[in-house]
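A short write-up of the structure that comes next.
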Amino acid sequence: MRILLADDHTLVRQGLRRILEEQPDWQVVAETGNGRDAVRLAAELHPDVVVLDIGMPQLNGIEAARQVSRRLPSARVLILSMHADEVHIRKAVEAGASGYLVKDSADSELVKAVTAVAQGASYFSPAAAAVLLDEYRRSRAGRGAADRYDLLSDREREVFQLMAEGHSNKSIAGLLGVSPATVETHRAHVLEKLDLHSVAEVVLYAARRGLIS
């Protein structure tokens, strides 16, 4: 696995690199301390996974994630952050990140997080997932409305889960043994029933429910 690492704290970056390169067949192909270089290096080196700190000079990690996701759709982005609040997590997902790792648990979770996003899944560290779930519960209590998730059929829940994990329509069709057109129909029903409008919102909804990690 080819990994690009971006964090503006040299000691932190060196520690993360050591953890990553202890894994068999993992290689940190480049590292940098600013977001602008991270975008440039991603375009040049085509890494499999890009690990981005949020608080970087010249271009912050959220904007870097957005540019990397747009220029290099095949790369999976994992965000590192000191912040475990819904605003930062939502912005990261909307920018195209597949995972969000809170720095105080990076030592123990980094390998698990990189493995998950590299395999096409999503990863939220427990602290981040807990924040999203608490926020979801508060918003649901405030609305006093029934959980829309209960409106989904068994098949729609399967499609919802796979969407949240980052699978394409073609991939979902293969896993469920149905046609891509059937998946598209289920996908449309899921979005309509849950009142969601993008894959980013699906990921956030799933994280709030604790359905993905």
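All residue names refer to the structure tokens as shown: chains lettered A, B, ... in order, residues numbered from 1 in each chain, ligands numbered from 1 in order.
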Q: Among the residues of range 22-134 of chain A, find those DSSP assigns to alpha helix (DSSP H) from the backbone and print them as an MDAnalysis selection string.
A: chainID A and resid 35:45 61:71 86:94 106:118 126:134
Q) DSSP says strand (DSSP E or B) for which residues of range 51-130 of chain A? Put them as a list of chain:residue names? A) A:Val51, A:Leu52, A:Asp53, A:Arg76, A:Val77, A:Leu78, A:Ile79, A:Leu80, A:Ser81, A:Gly99, A:Tyr100, A:Leu101, A:Val102, A:Tyr123, A:Phe124
With N, CA, C and O atoms kept, could you save the residues just selected as a compact mmCIF listing (two decimals), in the first residue's frame?
# COMPACT_ATOMS: atom_id res chain seq x y z
N VAL A 51 -3.27 10.54 4.12
CA VAL A 51 -3.57 10.86 5.51
C VAL A 51 -3.30 12.35 5.72
O VAL A 51 -2.16 12.81 5.55
N LEU A 52 -4.33 13.10 6.08
CA LEU A 52 -4.24 14.56 6.15
C LEU A 52 -4.62 15.08 7.52
O LEU A 52 -5.71 14.79 8.03
N ASP A 53 -3.72 15.86 8.12
CA ASP A 53 -4.06 16.62 9.32
C ASP A 53 -4.95 17.78 8.91
O ASP A 53 -4.80 18.34 7.81
N ARG A 76 -7.99 7.17 -1.36
CA ARG A 76 -8.86 7.25 -0.19
C ARG A 76 -8.23 8.22 0.80
O ARG A 76 -7.02 8.18 1.06
N VAL A 77 -9.04 9.10 1.37
CA VAL A 77 -8.54 10.14 2.26
C VAL A 77 -8.95 9.85 3.71
O VAL A 77 -10.12 9.58 3.99
N LEU A 78 -7.98 9.90 4.60
CA LEU A 78 -8.21 9.76 6.04
C LEU A 78 -7.81 11.07 6.71
O LEU A 78 -6.68 11.52 6.55
N ILE A 79 -8.73 11.67 7.43
CA ILE A 79 -8.47 12.93 8.12
C ILE A 79 -8.01 12.68 9.55
O ILE A 79 -8.59 11.86 10.27
N LEU A 80 -6.97 13.39 9.96
CA LEU A 80 -6.51 13.41 11.34
C LEU A 80 -6.88 14.76 11.95
O LEU A 80 -6.74 15.79 11.30
N SER A 81 -7.35 14.74 13.21
CA SER A 81 -7.75 16.01 13.80
C SER A 81 -7.69 15.96 15.32
O SER A 81 -7.89 14.91 15.92
N GLY A 99 -12.58 8.60 6.10
CA GLY A 99 -12.42 8.31 7.51
C GLY A 99 -12.01 9.54 8.29
O GLY A 99 -11.53 10.53 7.73
N TYR A 100 -12.23 9.48 9.62
CA TYR A 100 -11.92 10.60 10.50
C TYR A 100 -11.35 10.03 11.78
O TYR A 100 -12.03 9.30 12.51
N LEU A 101 -10.10 10.35 12.06
CA LEU A 101 -9.39 9.79 13.20
C LEU A 101 -8.99 10.92 14.15
O LEU A 101 -8.29 11.85 13.75
N VAL A 102 -9.43 10.83 15.40
CA VAL A 102 -9.06 11.82 16.40
C VAL A 102 -7.63 11.53 16.87
O VAL A 102 -7.29 10.38 17.17
N TYR A 123 -14.24 4.84 8.13
CA TYR A 123 -13.76 4.64 9.49
C TYR A 123 -13.91 5.94 10.28
O TYR A 123 -13.42 6.99 9.86
N PHE A 124 -14.57 5.84 11.42
CA PHE A 124 -14.65 6.96 12.35
C PHE A 124 -14.15 6.46 13.70
O PHE A 124 -14.63 5.44 14.19
With the cut-off set at 10 Å and counting only C-alpha atoms, tabulate each residue of range 17-65 of chain A with an atom at most that distance from an atom of range 3-7 of chain A, showing the nearest atom pair and its distance in Å to one decimal, ordered by chain and increasing number, as a Markdown table.
| residue | atom | partner | partner_atom | distance |
| --- | --- | --- | --- | --- |
| A:Arg17 | CA | A:Leu5 | CA | 7.5 |
| A:Leu20 | CA | A:Ile3 | CA | 8.5 |
| A:Glu21 | CA | A:Ile3 | CA | 9.5 |
| A:Trp26 | CA | A:Ile3 | CA | 7.4 |
| A:Gln27 | CA | A:Ile3 | CA | 6.0 |
| A:Val28 | CA | A:Ile3 | CA | 4.6 |
| A:Val29 | CA | A:Ile3 | CA | 5.8 |
| A:Ala30 | CA | A:Leu4 | CA | 5.2 |
| A:Glu31 | CA | A:Leu5 | CA | 4.6 |
| A:Thr32 | CA | A:Ala6 | CA | 4.8 |
| A:Gly33 | CA | A:Asp7 | CA | 4.9 |
| A:Asn34 | CA | A:Ala6 | CA | 6.6 |
| A:Gly35 | CA | A:Ala6 | CA | 7.1 |
| A:Arg36 | CA | A:Ala6 | CA | 9.9 |
| A:Asp37 | CA | A:Ala6 | CA | 8.6 |
| A:Ala38 | CA | A:Ala6 | CA | 6.2 |
| A:Val39 | CA | A:Ala6 | CA | 9.7 |
| A:Leu41 | CA | A:Leu4 | CA | 7.9 |
| A:Ala42 | CA | A:Leu4 | CA | 7.1 |
| A:Leu45 | CA | A:Leu4 | CA | 8.6 |
| A:His46 | CA | A:Leu4 | CA | 8.9 |
| A:Pro47 | CA | A:Ile3 | CA | 5.4 |
| A:Asp48 | CA | A:Ile3 | CA | 6.0 |
| A:Val49 | CA | A:Ile3 | CA | 4.9 |
| A:Val50 | CA | A:Leu4 | CA | 4.8 |
| A:Val51 | CA | A:Leu5 | CA | 4.9 |
| A:Leu52 | CA | A:Ala6 | CA | 5.0 |
| A:Asp53 | CA | A:Asp7 | CA | 5.0 |
| A:Ile54 | CA | A:Asp7 | CA | 8.1 |
| A:Gly55 | CA | A:Asp7 | CA | 7.9 |
| A:Met56 | CA | A:Asp7 | CA | 6.6 |
| A:Pro57 | CA | A:Asp7 | CA | 9.5 |
| A:Gly61 | CA | A:Ala6 | CA | 8.5 |
| A:Ala64 | CA | A:Ala6 | CA | 9.9 |
Q | Using only C-alpha atoms: which of A:Val131, A:Val190, A:Ile212, A:Val183 has the shortest distance to His83 in chain A | A |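 Closest residue, counting only C-alpha atoms: A:Val131.
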Q. So, counting only C-alpha atoms, which residue among A:His186, A:Lys103, A:Arg13, A:Arg2 is closest to Glu158 in chain A?
A.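 So, comparing all the options, the nearest one is A:His186.
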Which residues are near range 152-155 of chain A? Cut-off 12 Å, only C-alpha atoms, ignore same chain within fewer than 3 positions. Put them as an mmCIF file with N, CA and C atoms, in the first residue's frame.
data_model
loop_
_atom_site.group_PDB
_atom_site.id
_atom_site.type_symbol
_atom_site.label_atom_id
_atom_site.label_comp_id
_atom_site.auth_asym_id
_atom_site.auth_seq_id
_atom_site.Cartn_x
_atom_site.Cartn_y
_atom_site.Cartn_z
ATOM 1 N N ASP A 147 -38.209 7.450 13.618
ATOM 2 C CA ASP A 147 -36.959 7.239 12.903
ATOM 3 C C ASP A 147 -37.261 6.780 11.489
ATOM 4 N N ARG A 148 -36.814 7.557 10.530
ATOM 5 C CA ARG A 148 -37.065 7.224 9.130
ATOM 6 C C ARG A 148 -36.414 5.908 8.725
ATOM 7 N N TYR A 149 -35.363 5.522 9.424
ATOM 8 C CA TYR A 149 -34.667 4.287 9.082
ATOM 9 C C TYR A 149 -35.605 3.083 9.166
ATOM 10 N N GLU A 158 -29.792 -3.089 3.357
ATOM 11 C CA GLU A 158 -28.544 -3.654 2.839
ATOM 12 C C GLU A 158 -27.866 -2.670 1.896
ATOM 13 N N VAL A 159 -28.647 -2.082 1.005
ATOM 14 C CA VAL A 159 -28.104 -1.120 0.051
ATOM 15 C C VAL A 159 -27.575 0.107 0.798
ATOM 16 N N PHE A 160 -28.334 0.562 1.787
ATOM 17 C CA PHE A 160 -27.918 1.710 2.594
ATOM 18 C C PHE A 160 -26.558 1.452 3.247
ATOM 19 N N GLN A 161 -26.389 0.277 3.851
ATOM 20 C CA GLN A 161 -25.132 -0.067 4.514
ATOM 21 C C GLN A 161 -23.962 -0.032 3.534
ATOM 22 N N LEU A 162 -24.174 -0.633 2.361
ATOM 23 C CA LEU A 162 -23.099 -0.697 1.370
ATOM 24 C C LEU A 162 -22.795 0.682 0.788
ATOM 25 N N ILE A 172 -22.241 -2.953 -5.416
ATOM 26 C CA ILE A 172 -23.401 -3.393 -4.636
ATOM 27 C C ILE A 172 -24.180 -4.454 -5.401
ATOM 28 N N ALA A 173 -24.341 -4.243 -6.702
ATOM 29 C CA ALA A 173 -25.054 -5.211 -7.537
ATOM 30 C C ALA A 173 -24.381 -6.578 -7.474
ATOM 31 N N LEU A 176 -24.945 -8.220 -3.965
ATOM 32 C CA LEU A 176 -26.321 -8.628 -3.681
ATOM 33 C C LEU A 176 -26.903 -9.539 -4.755
ATOM 34 N N GLY A 177 -26.190 -9.700 -5.864
ATOM 35 C CA GLY A 177 -26.681 -10.563 -6.924
ATOM 36 C C GLY A 177 -27.877 -10.001 -7.668
ATOM 37 N N VAL A 178 -27.887 -8.675 -7.849
ATOM 38 C CA VAL A 178 -28.963 -8.018 -8.584
ATOM 39 C C VAL A 178 -28.341 -7.129 -9.662
ATOM 40 N N THR A 182 -31.451 -2.260 -10.614
ATOM 41 C CA THR A 182 -32.208 -2.549 -9.389
ATOM 42 C C THR A 182 -31.587 -1.823 -8.200
ATOM 43 N N VAL A 183 -30.257 -1.804 -8.157
ATOM 44 C CA VAL A 183 -29.566 -1.087 -7.086
ATOM 45 C C VAL A 183 -29.906 0.393 -7.142
ATOM 46 N N THR A 185 -32.580 1.759 -8.228
ATOM 47 C CA THR A 185 -33.950 1.940 -7.720
ATOM 48 C C THR A 185 -33.966 1.924 -6.198
ATOM 49 N N HIS A 186 -33.284 0.937 -5.602
ATOM 50 C CA HIS A 186 -33.222 0.870 -4.143
ATOM 51 C C HIS A 186 -32.537 2.109 -3.574
ATOM 52 N N ARG A 187 -31.480 2.534 -4.245
ATOM 53 C CA ARG A 187 -30.730 3.710 -3.799
ATOM 54 C C ARG A 187 -31.638 4.948 -3.767
ATOM 55 N N ALA A 188 -32.437 5.107 -4.816
ATOM 56 C CA ALA A 188 -33.347 6.252 -4.879
ATOM 57 C C ALA A 188 -34.379 6.187 -3.753
ATOM 58 N N HIS A 189 -34.884 4.976 -3.472
ATOM 59 C CA HIS A 189 -35.861 4.821 -2.386
ATOM 60 C C HIS A 189 -35.237 5.137 -1.033
ATOM 61 N N VAL A 190 -33.992 4.701 -0.840
ATOM 62 C CA VAL A 190 -33.294 4.974 0.418
ATOM 63 C C VAL A 190 -33.161 6.478 0.643
ATOM 64 N N LEU A 191 -32.686 7.187 -0.378
ATOM 65 C CA LEU A 191 -32.500 8.633 -0.253
ATOM 66 C C LEU A 191 -33.829 9.343 0.007
ATOM 67 N N GLU A 192 -34.872 8.889 -0.687
ATOM 68 C CA GLU A 192 -36.182 9.520 -0.518
ATOM 69 C C GLU A 192 -36.743 9.278 0.882
ATOM 70 N N LYS A 193 -36.686 8.029 1.346
ATOM 71 C CA LYS A 193 -37.265 7.689 2.647
ATOM 72 C C LYS A 193 -36.519 8.346 3.807
ATOM 73 N N LEU A 194 -35.207 8.487 3.660
ATOM 74 C CA LEU A 194 -34.406 9.079 4.731
ATOM 75 C C LEU A 194 -34.254 10.586 4.581
ATOM 76 N N ASP A 195 -34.795 11.132 3.486
ATOM 77 C CA ASP A 195 -34.681 12.561 3.199
ATOM 78 C C ASP A 195 -33.211 12.991 3.154
#
